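Chemist: The structure that follows is given in the form of structure tokens.
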Amino acid sequence: MRNVTIRQLQIFAEAAQRLSFARVAERLHLSPAAVSFQIKQIESMTGFALFERVGRKVSVTDAGERLLVYAK
């Protein structure tokens, strides 16, 4: 977790609250692809899936819930 940036944690926290990468992208003035990329980067660094993706819907995993506490 040493390489996770504050900006990535901000993006993750917004995504965990809103459960919509598109809404997070709009709110943070990013593209949806940029939000997805940042989330995938965090998942790669932690080794855990933070969101469960089913189609266009996402939900926060247990690991994501724990990281959200840390991110806040």
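Here, A, B, ... name the chains of the structure tokens in the order displayed, residue numbers run from 1 inside each chain, and ligands are numbered from 1 in the same displayed order.
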Which residues come within 8 Å of segment 40-50 of chain A, counting only C-alpha atoms, excluding same-chain residues fewer than 2 positions away, as a compact mmCIF listing (two decimals) with all heavy atoms, in the first residue's frame?

Modeler:
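Result went into around.txt, see below:
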```
# COMPACT_ATOMS: atom_id res chain seq x y z
N MET A 1 0.81 -1.20 0.00
CA MET A 1 0.00 0.00 0.00
C MET A 1 0.85 1.25 0.00
O MET A 1 0.31 2.33 -0.04
CB MET A 1 -0.91 0.01 1.22
CG MET A 1 -2.09 -0.90 1.15
SD MET A 1 -3.47 -0.22 0.24
CE MET A 1 -3.76 1.29 1.10
N ASN A 3 2.56 2.60 -2.28
CA ASN A 3 2.56 3.37 -3.52
C ASN A 3 1.20 3.96 -3.88
O ASN A 3 1.07 4.62 -4.90
CB ASN A 3 3.07 2.51 -4.67
CG ASN A 3 4.52 2.12 -4.45
OD1 ASN A 3 5.29 2.86 -3.87
ND2 ASN A 3 4.88 0.94 -4.92
N VAL A 4 0.18 3.72 -3.08
CA VAL A 4 -1.14 4.27 -3.35
C VAL A 4 -1.12 5.75 -3.00
O VAL A 4 -0.70 6.14 -1.92
CB VAL A 4 -2.23 3.54 -2.54
CG1 VAL A 4 -3.58 4.18 -2.76
CG2 VAL A 4 -2.27 2.08 -2.93
N GLN A 8 -5.62 8.66 -5.53
CA GLN A 8 -6.24 7.36 -5.79
C GLN A 8 -7.21 6.99 -4.67
O GLN A 8 -8.29 6.46 -4.95
CB GLN A 8 -5.17 6.28 -5.94
CG GLN A 8 -4.41 6.36 -7.24
CD GLN A 8 -3.26 5.39 -7.31
OE1 GLN A 8 -2.57 5.16 -6.31
NE2 GLN A 8 -3.05 4.81 -8.48
N SER A 36 -11.65 4.01 -13.73
CA SER A 36 -11.45 2.56 -13.77
C SER A 36 -9.98 2.20 -13.67
O SER A 36 -9.60 1.27 -12.95
CB SER A 36 -12.02 1.97 -15.06
OG SER A 36 -13.41 2.03 -15.05
N PHE A 37 -9.14 2.94 -14.38
CA PHE A 37 -7.71 2.69 -14.36
C PHE A 37 -7.14 2.86 -12.95
O PHE A 37 -6.36 2.03 -12.48
CB PHE A 37 -6.99 3.61 -15.34
CG PHE A 37 -5.49 3.44 -15.33
CD1 PHE A 37 -4.91 2.36 -15.97
CD2 PHE A 37 -4.68 4.35 -14.68
CE1 PHE A 37 -3.53 2.18 -15.96
CE2 PHE A 37 -3.31 4.19 -14.65
CZ PHE A 37 -2.73 3.10 -15.30
N GLN A 38 -7.52 3.92 -12.28
CA GLN A 38 -7.02 4.17 -10.93
C GLN A 38 -7.48 3.09 -9.95
O GLN A 38 -6.70 2.64 -9.10
CB GLN A 38 -7.45 5.55 -10.43
CG GLN A 38 -6.84 6.70 -11.19
CD GLN A 38 -5.32 6.68 -11.18
OE1 GLN A 38 -4.70 6.35 -10.18
NE2 GLN A 38 -4.72 7.04 -12.30
N GLU A 52 -16.95 -5.54 -6.81
CA GLU A 52 -17.48 -6.65 -7.59
C GLU A 52 -18.25 -6.04 -8.74
O GLU A 52 -19.14 -5.22 -8.53
CB GLU A 52 -18.40 -7.51 -6.73
CG GLU A 52 -18.88 -8.74 -7.44
CD GLU A 52 -19.69 -9.63 -6.53
OE1 GLU A 52 -19.40 -9.68 -5.32
OE2 GLU A 52 -20.63 -10.26 -7.04
N VAL A 60 -19.20 -2.85 -3.45
CA VAL A 60 -17.94 -2.85 -2.71
C VAL A 60 -17.76 -4.22 -2.05
O VAL A 60 -18.69 -4.75 -1.42
CB VAL A 60 -17.93 -1.74 -1.64
CG1 VAL A 60 -16.61 -1.71 -0.90
CG2 VAL A 60 -18.21 -0.39 -2.28
N THR A 61 -16.57 -4.79 -2.17
CA THR A 61 -16.26 -6.06 -1.53
C THR A 61 -15.89 -5.82 -0.07
O THR A 61 -15.76 -4.67 0.37
CB THR A 61 -15.08 -6.75 -2.23
OG1 THR A 61 -13.91 -5.93 -2.08
CG2 THR A 61 -15.36 -7.01 -3.70
N ASP A 62 -15.69 -6.90 0.67
CA ASP A 62 -15.25 -6.78 2.07
C ASP A 62 -13.91 -6.05 2.15
O ASP A 62 -13.71 -5.19 3.01
CB ASP A 62 -15.14 -8.14 2.74
CG ASP A 62 -16.50 -8.78 2.98
OD1 ASP A 62 -17.50 -8.05 3.03
OD2 ASP A 62 -16.55 -10.02 3.12
N ALA A 63 -13.00 -6.39 1.25
CA ALA A 63 -11.69 -5.72 1.22
C ALA A 63 -11.87 -4.24 0.91
O ALA A 63 -11.19 -3.38 1.48
CB ALA A 63 -10.78 -6.37 0.19
N GLY A 64 -12.81 -3.92 0.02
CA GLY A 64 -13.10 -2.53 -0.31
C GLY A 64 -13.65 -1.77 0.88
O GLY A 64 -13.31 -0.61 1.10
N GLU A 65 -14.50 -2.42 1.66
CA GLU A 65 -15.06 -1.79 2.86
C GLU A 65 -13.95 -1.45 3.85
O GLU A 65 -13.94 -0.39 4.45
CB GLU A 65 -16.09 -2.69 3.53
CG GLU A 65 -17.38 -2.86 2.76
CD GLU A 65 -18.26 -1.63 2.77
OE1 GLU A 65 -18.05 -0.73 3.60
OE2 GLU A 65 -19.18 -1.57 1.94
```

Chemist: Could you find all residues in chain A that DSSP calls helix (DSSP H, G or I) from the backbone, and write them as a VMD selection string?

Modeler: chain A and resid 6 to 18 21 to 28 32 to 46 62 to 71

Chemist: Mind checking which residues fall within 12 Å of Arg56 of chain A, counting only C-alpha atoms, ignoring those fewer than 5 positions away in the same chain, and posting them as a list in words?

Modeler: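 Residues meeting the cut-off are Leu19, Ser20, Phe21, Ala22, Pro32, Ser36 and Phe51 of chain A.
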
Chemist: Generate the output file for the selected residues, C-alpha atoms, as a short mmCIF file (atom, residue, chain, number, x, y, z; two decimals), in the first residue's frame.

Modeler:
```
data_model
loop_
_atom_site.label_atom_id
_atom_site.label_comp_id
_atom_site.auth_asym_id
_atom_site.auth_seq_id
_atom_site.Cartn_x
_atom_site.Cartn_y
_atom_site.Cartn_z
CA LEU A 19 -21.14 3.04 -6.79
CA SER A 20 -20.89 4.61 -10.23
CA PHE A 21 -17.57 5.22 -11.93
CA ALA A 22 -19.29 7.55 -14.43
CA PRO A 32 -14.72 7.07 -16.64
CA SER A 36 -11.45 2.56 -13.77
CA PHE A 51 -15.36 -3.85 -6.25
#
```

Chemist: Would you kindly return, as a list in words, each protein, DNA or RNA residue with an atom no farther than 8 Å from any atom of Leu68 of chain A, considering only C-alpha atoms and excluding same-chain residues fewer than 4 positions away?

Modeler: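 Residues near the query, excluding close chain neighbours: Phe12, Ala13, Ala16, Gly64 and Lys72 of chain A.
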
Chemist: Identify, with DSSP run on backbone atoms, the residues in chain A assigned to strand (DSSP E or B), and express the list as an MDAnalysis selection string.

Modeler: chainID A and resid 51:54 57:60

Chemist: How would the residues just chosen look if you wrote them out with N, CA, C and O atoms as a PDB file, in the first residue's frame?

Modeler:
```pdb
ATOM      1  N   PHE A  51     -13.982  -3.937  -5.762  1.00  0.00           N
ATOM      2  CA  PHE A  51     -15.358  -3.849  -6.245  1.00  0.00           C
ATOM      3  C   PHE A  51     -15.708  -5.148  -6.948  1.00  0.00           C
ATOM      4  O   PHE A  51     -14.877  -5.746  -7.610  1.00  0.00           O
ATOM      5  N   GLU A  52     -16.953  -5.540  -6.810  1.00  0.00           N
ATOM      6  CA  GLU A  52     -17.478  -6.652  -7.586  1.00  0.00           C
ATOM      7  C   GLU A  52     -18.246  -6.036  -8.743  1.00  0.00           C
ATOM      8  O   GLU A  52     -19.144  -5.215  -8.529  1.00  0.00           O
ATOM      9  N   ARG A  53     -17.873  -6.399  -9.940  1.00  0.00           N
ATOM     10  CA  ARG A  53     -18.486  -5.812 -11.123  1.00  0.00           C
ATOM     11  C   ARG A  53     -19.395  -6.838 -11.786  1.00  0.00           C
ATOM     12  O   ARG A  53     -18.956  -7.922 -12.130  1.00  0.00           O
ATOM     13  N   VAL A  54     -20.645  -6.456 -11.967  1.00  0.00           N
ATOM     14  CA  VAL A  54     -21.608  -7.290 -12.674  1.00  0.00           C
ATOM     15  C   VAL A  54     -22.259  -6.406 -13.720  1.00  0.00           C
ATOM     16  O   VAL A  54     -23.080  -5.544 -13.384  1.00  0.00           O
ATOM     17  N   LYS A  57     -23.015  -2.556 -13.121  1.00  0.00           N
ATOM     18  CA  LYS A  57     -23.203  -2.307 -11.693  1.00  0.00           C
ATOM     19  C   LYS A  57     -21.967  -2.731 -10.917  1.00  0.00           C
ATOM     20  O   LYS A  57     -21.306  -3.701 -11.266  1.00  0.00           O
ATOM     21  N   VAL A  58     -21.682  -1.982  -9.883  1.00  0.00           N
ATOM     22  CA  VAL A  58     -20.555  -2.332  -9.012  1.00  0.00           C
ATOM     23  C   VAL A  58     -21.034  -2.335  -7.563  1.00  0.00           C
ATOM     24  O   VAL A  58     -21.966  -1.620  -7.198  1.00  0.00           O
ATOM     25  N   SER A  59     -20.409  -3.179  -6.767  1.00  0.00           N
ATOM     26  CA  SER A  59     -20.643  -3.180  -5.329  1.00  0.00           C
ATOM     27  C   SER A  59     -19.288  -3.330  -4.650  1.00  0.00           C
ATOM     28  O   SER A  59     -18.346  -3.860  -5.228  1.00  0.00           O
ATOM     29  N   VAL A  60     -19.204  -2.847  -3.451  1.00  0.00           N
ATOM     30  CA  VAL A  60     -17.943  -2.854  -2.708  1.00  0.00           C
ATOM     31  C   VAL A  60     -17.763  -4.222  -2.047  1.00  0.00           C
ATOM     32  O   VAL A  60     -18.691  -4.745  -1.424  1.00  0.00           O
TER      33      VAL A  60
END
```

Chemist: Could you pull the residues within 12 Å of Arg27 of chain A, counting only C-alpha atoms, minus those fewer than 3 positions along the same chain, as a compact mmCIF listing (two decimals) with N, CA, C and O atoms, in the first residue's frame?

Modeler:
```txt
# COMPACT_ATOMS: atom_id res chain seq x y z
N GLN A 10 -8.84 9.12 -2.85
CA GLN A 10 -10.01 10.00 -3.03
C GLN A 10 -10.94 9.42 -4.09
O GLN A 10 -12.16 9.38 -3.89
N ILE A 11 -10.37 8.98 -5.19
CA ILE A 11 -11.17 8.40 -6.27
C ILE A 11 -11.87 7.14 -5.77
O ILE A 11 -13.07 6.94 -6.00
N GLU A 14 -14.79 8.00 -3.34
CA GLU A 14 -15.95 8.51 -4.10
C GLU A 14 -16.68 7.36 -4.79
O GLU A 14 -17.90 7.29 -4.78
N ALA A 15 -15.91 6.47 -5.40
CA ALA A 15 -16.50 5.34 -6.12
C ALA A 15 -17.23 4.41 -5.15
O ALA A 15 -18.32 3.90 -5.47
N ARG A 18 -20.54 6.32 -4.21
CA ARG A 18 -21.50 6.54 -5.29
C ARG A 18 -21.84 5.28 -6.08
O ARG A 18 -22.86 5.23 -6.75
N SER A 20 -20.79 4.31 -8.80
CA SER A 20 -20.89 4.61 -10.23
C SER A 20 -19.62 5.31 -10.66
O SER A 20 -19.37 6.45 -10.26
N PHE A 21 -18.82 4.63 -11.46
CA PHE A 21 -17.57 5.22 -11.93
C PHE A 21 -17.85 6.44 -12.81
O PHE A 21 -17.10 7.41 -12.80
N ALA A 22 -18.95 6.42 -13.56
CA ALA A 22 -19.29 7.55 -14.43
C ALA A 22 -19.61 8.80 -13.60
O ALA A 22 -19.18 9.90 -13.94
N ARG A 23 -20.35 8.63 -12.51
CA ARG A 23 -20.68 9.78 -11.65
C ARG A 23 -19.44 10.32 -10.95
O ARG A 23 -19.28 11.52 -10.78
N VAL A 24 -18.56 9.41 -10.54
CA VAL A 24 -17.31 9.83 -9.92
C VAL A 24 -16.47 10.61 -10.92
O VAL A 24 -15.92 11.67 -10.60
N LEU A 30 -12.86 13.78 -14.42
CA LEU A 30 -12.03 12.76 -15.04
C LEU A 30 -12.87 12.01 -16.05
O LEU A 30 -14.09 12.16 -16.09
N SER A 31 -12.23 11.18 -16.84
CA SER A 31 -13.00 10.30 -17.72
C SER A 31 -13.32 9.02 -16.94
O SER A 31 -12.60 8.65 -16.01
N PRO A 32 -14.41 8.34 -17.32
CA PRO A 32 -14.72 7.07 -16.64
C PRO A 32 -13.57 6.06 -16.77
O PRO A 32 -13.31 5.30 -15.84
N VAL A 35 -11.02 6.73 -14.08
CA VAL A 35 -11.46 6.23 -12.77
C VAL A 35 -11.24 4.72 -12.70
O VAL A 35 -10.67 4.21 -11.73
```

Chemist: For a quick check of understanding, using only C-alpha atoms, which of A:Glu26, A:Ile39, A:Leu9, A:Arg2 has the smallest distance to Tyr70 of chain A?

Modeler: A:Leu9
